[in-house]
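Asks: Got structure14.txt for you, compact mmCIF, N, CA and C atoms:
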# COMPACT_ATOMS: atom_id res chain seq x y z
N MET E 1 -1.88 -56.18 -7.93
CA MET E 1 -1.22 -55.17 -8.72
C MET E 1 -2.10 -53.93 -8.87
N LYS E 2 -3.42 -54.12 -8.99
CA LYS E 2 -4.31 -52.97 -9.15
C LYS E 2 -4.35 -52.11 -7.90
N ALA E 3 -4.30 -52.75 -6.74
CA ALA E 3 -4.33 -52.00 -5.49
C ALA E 3 -3.08 -51.13 -5.39
N ASN E 4 -1.95 -51.65 -5.85
CA ASN E 4 -0.71 -50.89 -5.81
C ASN E 4 -0.81 -49.67 -6.71
N ALA E 5 -1.40 -49.80 -7.88
CA ALA E 5 -1.56 -48.67 -8.79
C ALA E 5 -2.53 -47.65 -8.21
N LYS E 6 -3.59 -48.13 -7.56
CA LYS E 6 -4.54 -47.21 -6.92
C LYS E 6 -3.88 -46.45 -5.78
N ASP E 7 -3.06 -47.14 -5.02
CA ASP E 7 -2.35 -46.49 -3.92
C ASP E 7 -1.40 -45.42 -4.44
N ARG E 8 -0.69 -45.73 -5.51
CA ARG E 8 0.23 -44.75 -6.08
C ARG E 8 -0.51 -43.54 -6.63
N LEU E 9 -1.64 -43.78 -7.26
CA LEU E 9 -2.43 -42.69 -7.80
C LEU E 9 -2.98 -41.82 -6.66
N ALA E 10 -3.46 -42.47 -5.61
CA ALA E 10 -3.98 -41.73 -4.46
C ALA E 10 -2.87 -40.91 -3.81
N LEU E 11 -1.68 -41.48 -3.70
CA LEU E 11 -0.55 -40.77 -3.12
C LEU E 11 -0.15 -39.57 -3.99
N LEU E 12 -0.15 -39.75 -5.28
CA LEU E 12 0.18 -38.67 -6.20
C LEU E 12 -0.85 -37.55 -6.11
N LEU E 13 -2.13 -37.90 -6.06
CA LEU E 13 -3.17 -36.89 -5.94
C LEU E 13 -3.08 -36.14 -4.62
N CYS E 14 -2.78 -36.85 -3.57
CA CYS E 14 -2.62 -36.22 -2.26
C CYS E 14 -1.43 -35.26 -2.27
N ALA E 15 -0.33 -35.67 -2.89
CA ALA E 15 0.85 -34.81 -2.97
C ALA E 15 0.55 -33.56 -3.79
N LEU E 16 -0.18 -33.71 -4.88
CA LEU E 16 -0.54 -32.55 -5.70
C LEU E 16 -1.46 -31.60 -4.93
N LEU E 17 -2.39 -32.16 -4.18
CA LEU E 17 -3.28 -31.34 -3.37
C LEU E 17 -2.51 -30.58 -2.30
N CYS E 18 -1.59 -31.26 -1.63
CA CYS E 18 -0.79 -30.60 -0.59
C CYS E 18 0.10 -29.51 -1.19
N ALA E 19 0.69 -29.78 -2.34
CA ALA E 19 1.53 -28.78 -3.00
C ALA E 19 0.69 -27.58 -3.41
N GLY E 20 -0.50 -27.83 -3.92
CA GLY E 20 -1.39 -26.74 -4.31
C GLY E 20 -1.82 -25.90 -3.13
N MET E 21 -2.14 -26.55 -2.03
CA MET E 21 -2.54 -25.82 -0.83
C MET E 21 -1.38 -25.00 -0.27
N ALA E 22 -0.18 -25.55 -0.32
CA ALA E 22 1.00 -24.81 0.14
C ALA E 22 1.23 -23.59 -0.74
N TRP E 23 1.09 -23.77 -2.04
CA TRP E 23 1.27 -22.63 -2.95
C TRP E 23 0.23 -21.55 -2.66
N VAL E 24 -1.03 -21.93 -2.47
CA VAL E 24 -2.08 -20.95 -2.17
C VAL E 24 -1.78 -20.23 -0.86
N PHE E 25 -1.35 -20.96 0.15
CA PHE E 25 -1.01 -20.36 1.44
C PHE E 25 0.05 -19.28 1.28
N TRP E 26 1.16 -19.63 0.63
CA TRP E 26 2.25 -18.66 0.48
C TRP E 26 1.89 -17.56 -0.51
N TYR E 27 1.10 -17.85 -1.50
CA TYR E 27 0.70 -16.84 -2.48
C TYR E 27 -0.19 -15.78 -1.83
N LEU E 28 -1.12 -16.21 -1.00
CA LEU E 28 -2.04 -15.27 -0.38
C LEU E 28 -1.40 -14.50 0.77
N LEU E 29 -0.55 -15.15 1.54
CA LEU E 29 0.00 -14.50 2.72
C LEU E 29 1.35 -13.82 2.47
N GLU E 30 2.05 -14.23 1.43
CA GLU E 30 3.36 -13.68 1.08
C GLU E 30 4.28 -13.64 2.29
N LYS E 31 4.74 -12.47 2.68
CA LYS E 31 5.70 -12.36 3.79
C LYS E 31 5.06 -12.63 5.14
N ASP E 32 3.75 -12.45 5.26
CA ASP E 32 3.08 -12.72 6.53
C ASP E 32 2.92 -14.22 6.80
N GLY E 33 3.18 -15.04 5.81
CA GLY E 33 3.08 -16.48 5.99
C GLY E 33 4.01 -16.99 7.07
N PHE E 34 5.21 -16.43 7.14
CA PHE E 34 6.17 -16.83 8.16
C PHE E 34 5.65 -16.51 9.55
N VAL E 35 5.00 -15.38 9.69
CA VAL E 35 4.42 -14.99 10.99
C VAL E 35 3.32 -15.97 11.38
N VAL E 36 2.47 -16.34 10.43
CA VAL E 36 1.38 -17.27 10.71
C VAL E 36 1.94 -18.64 11.12
N VAL E 37 2.95 -19.12 10.41
CA VAL E 37 3.55 -20.41 10.75
C VAL E 37 4.19 -20.35 12.14
N THR E 38 4.84 -19.25 12.46
CA THR E 38 5.46 -19.08 13.77
C THR E 38 4.42 -19.06 14.88
N ILE E 39 3.32 -18.36 14.66
CA ILE E 39 2.25 -18.31 15.67
C ILE E 39 1.64 -19.69 15.88
N ILE E 40 1.40 -20.42 14.80
CA ILE E 40 0.84 -21.77 14.92
C ILE E 40 1.79 -22.68 15.69
N ALA E 41 3.09 -22.59 15.39
CA ALA E 41 4.07 -23.41 16.11
C ALA E 41 4.11 -23.03 17.59
N LEU E 42 4.07 -21.74 17.89
CA LEU E 42 4.09 -21.29 19.28
C LEU E 42 2.86 -21.76 20.04
N LEU E 43 1.69 -21.66 19.42
CA LEU E 43 0.47 -22.14 20.07
C LEU E 43 0.52 -23.65 20.31
N GLY E 44 1.07 -24.39 19.35
CA GLY E 44 1.23 -25.83 19.53
C GLY E 44 2.16 -26.17 20.67
N LEU E 45 3.26 -25.43 20.79
CA LEU E 45 4.19 -25.66 21.89
C LEU E 45 3.56 -25.33 23.24
N LEU E 46 2.81 -24.24 23.30
CA LEU E 46 2.14 -23.88 24.55
C LEU E 46 1.10 -24.92 24.95
N ALA E 47 0.34 -25.42 23.97
CA ALA E 47 -0.67 -26.44 24.28
C ALA E 47 -0.01 -27.73 24.75
N ASP E 48 1.10 -28.11 24.13
CA ASP E 48 1.79 -29.33 24.53
C ASP E 48 2.41 -29.16 25.91
N ASN E 49 2.94 -27.99 26.20
CA ASN E 49 3.50 -27.71 27.52
C ASN E 49 2.42 -27.81 28.60
N TYR E 50 1.26 -27.23 28.31
CA TYR E 50 0.14 -27.30 29.25
C TYR E 50 -0.28 -28.75 29.50
N ARG E 51 -0.37 -29.52 28.42
CA ARG E 51 -0.76 -30.93 28.54
C ARG E 51 0.26 -31.72 29.36
N LEU E 52 1.55 -31.49 29.09
CA LEU E 52 2.58 -32.22 29.82
C LEU E 52 2.64 -31.83 31.29
N ARG E 53 2.42 -30.55 31.60
CA ARG E 53 2.41 -30.12 33.00
C ARG E 53 1.24 -30.75 33.75
N ARG E 54 0.08 -30.83 33.10
CA ARG E 54 -1.08 -31.47 33.71
C ARG E 54 -0.80 -32.95 33.97
N LEU E 55 -0.19 -33.61 33.02
CA LEU E 55 0.15 -35.02 33.17
C LEU E 55 1.17 -35.21 34.29
N LEU E 56 2.12 -34.31 34.39
CA LEU E 56 3.13 -34.41 35.45
C LEU E 56 2.50 -34.22 36.83
N ARG E 57 1.56 -33.31 36.96
CA ARG E 57 0.89 -33.11 38.24
C ARG E 57 0.09 -34.34 38.65
N ARG E 58 -0.54 -35.02 37.67
CA ARG E 58 -1.32 -36.20 37.97
C ARG E 58 -0.45 -37.36 38.44
N THR E 59 0.72 -37.51 37.85
CA THR E 59 1.56 -38.68 38.17
C THR E 59 2.42 -38.47 39.39
N SER E 60 2.61 -37.23 39.83
CA SER E 60 3.50 -37.05 40.99
C SER E 60 2.71 -36.74 42.25
As structure tokens, please, write out the structure in this file.

Replies:
Amino acid sequence: MKANAKDRLALLLCALLCAGMAWVFWYLLEKDGFVVVTIIALLGLLADNYRLRRLLRRTS
């Protein structure tokens, strides 16, 4: 039972930390936050595309 309470407390603290970090992100960047999120998503897609193309060349 104690482990379950510790897990719940850890999960709650993690959620509060994530919510706080999200608030700081949007508070500091305001309207530019959307641009930053879009750039990060685009870079992630490009990196995944590069990785998949390399894997495809190796297997074919």

Asks: CA of Leu13 in chain E and CA of Val35 in chain E, how far apart in Å?

Replies: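 We find that CA of Val35 in chain E and CA of Leu13 in chain E lie 28.7 Å from each other.
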
Asks: One decimal, Å: what's the distance from atom C of Tyr50 in chain E over to atom C of Val37 in chain E, could you say?

Replies: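 Those two atoms sit 19.8 Å apart.
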
Asks: How many Å separate CA of Leu28 in chain E from CA of Leu43 in chain E?

Replies: 21.7 Å

Asks: Taking N, CA, C and O atoms as the atom set, what does range 11-22 of chain E look like once completed, written as a short mmCIF file (atom, residue, chain, number, x, y, z; two decimals), in the coordinates of the input?

Replies:
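The resulting out_33.cif:
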data_model
loop_
_atom_site.label_atom_id
_atom_site.label_comp_id
_atom_site.auth_asym_id
_atom_site.auth_seq_id
_atom_site.Cartn_x
_atom_site.Cartn_y
_atom_site.Cartn_z
N LEU E 11 -1.68 -41.48 -3.70
CA LEU E 11 -0.55 -40.77 -3.12
C LEU E 11 -0.15 -39.57 -3.99
O LEU E 11 0.14 -38.48 -3.47
N LEU E 12 -0.15 -39.75 -5.28
CA LEU E 12 0.18 -38.67 -6.20
C LEU E 12 -0.85 -37.55 -6.11
O LEU E 12 -0.49 -36.36 -6.06
N LEU E 13 -2.13 -37.90 -6.06
CA LEU E 13 -3.17 -36.89 -5.94
C LEU E 13 -3.08 -36.14 -4.62
O LEU E 13 -3.26 -34.92 -4.57
N CYS E 14 -2.78 -36.85 -3.57
CA CYS E 14 -2.62 -36.22 -2.26
C CYS E 14 -1.43 -35.26 -2.27
O CYS E 14 -1.51 -34.16 -1.73
N ALA E 15 -0.33 -35.67 -2.89
CA ALA E 15 0.85 -34.81 -2.97
C ALA E 15 0.55 -33.56 -3.79
O ALA E 15 0.97 -32.46 -3.42
N LEU E 16 -0.18 -33.71 -4.88
CA LEU E 16 -0.54 -32.55 -5.70
C LEU E 16 -1.46 -31.60 -4.93
O LEU E 16 -1.32 -30.37 -5.01
N LEU E 17 -2.39 -32.16 -4.18
CA LEU E 17 -3.28 -31.34 -3.37
C LEU E 17 -2.51 -30.58 -2.30
O LEU E 17 -2.73 -29.38 -2.09
N CYS E 18 -1.59 -31.26 -1.63
CA CYS E 18 -0.79 -30.60 -0.59
C CYS E 18 0.10 -29.51 -1.19
O CYS E 18 0.24 -28.43 -0.61
N ALA E 19 0.69 -29.78 -2.34
CA ALA E 19 1.53 -28.78 -3.00
C ALA E 19 0.69 -27.58 -3.41
O ALA E 19 1.12 -26.42 -3.26
N GLY E 20 -0.50 -27.83 -3.92
CA GLY E 20 -1.39 -26.74 -4.31
C GLY E 20 -1.82 -25.90 -3.13
O GLY E 20 -1.83 -24.67 -3.20
N MET E 21 -2.14 -26.55 -2.03
CA MET E 21 -2.54 -25.82 -0.83
C MET E 21 -1.38 -25.00 -0.27
O MET E 21 -1.56 -23.88 0.20
N ALA E 22 -0.18 -25.55 -0.32
CA ALA E 22 1.00 -24.81 0.14
C ALA E 22 1.23 -23.59 -0.74
O ALA E 22 1.54 -22.50 -0.24
#
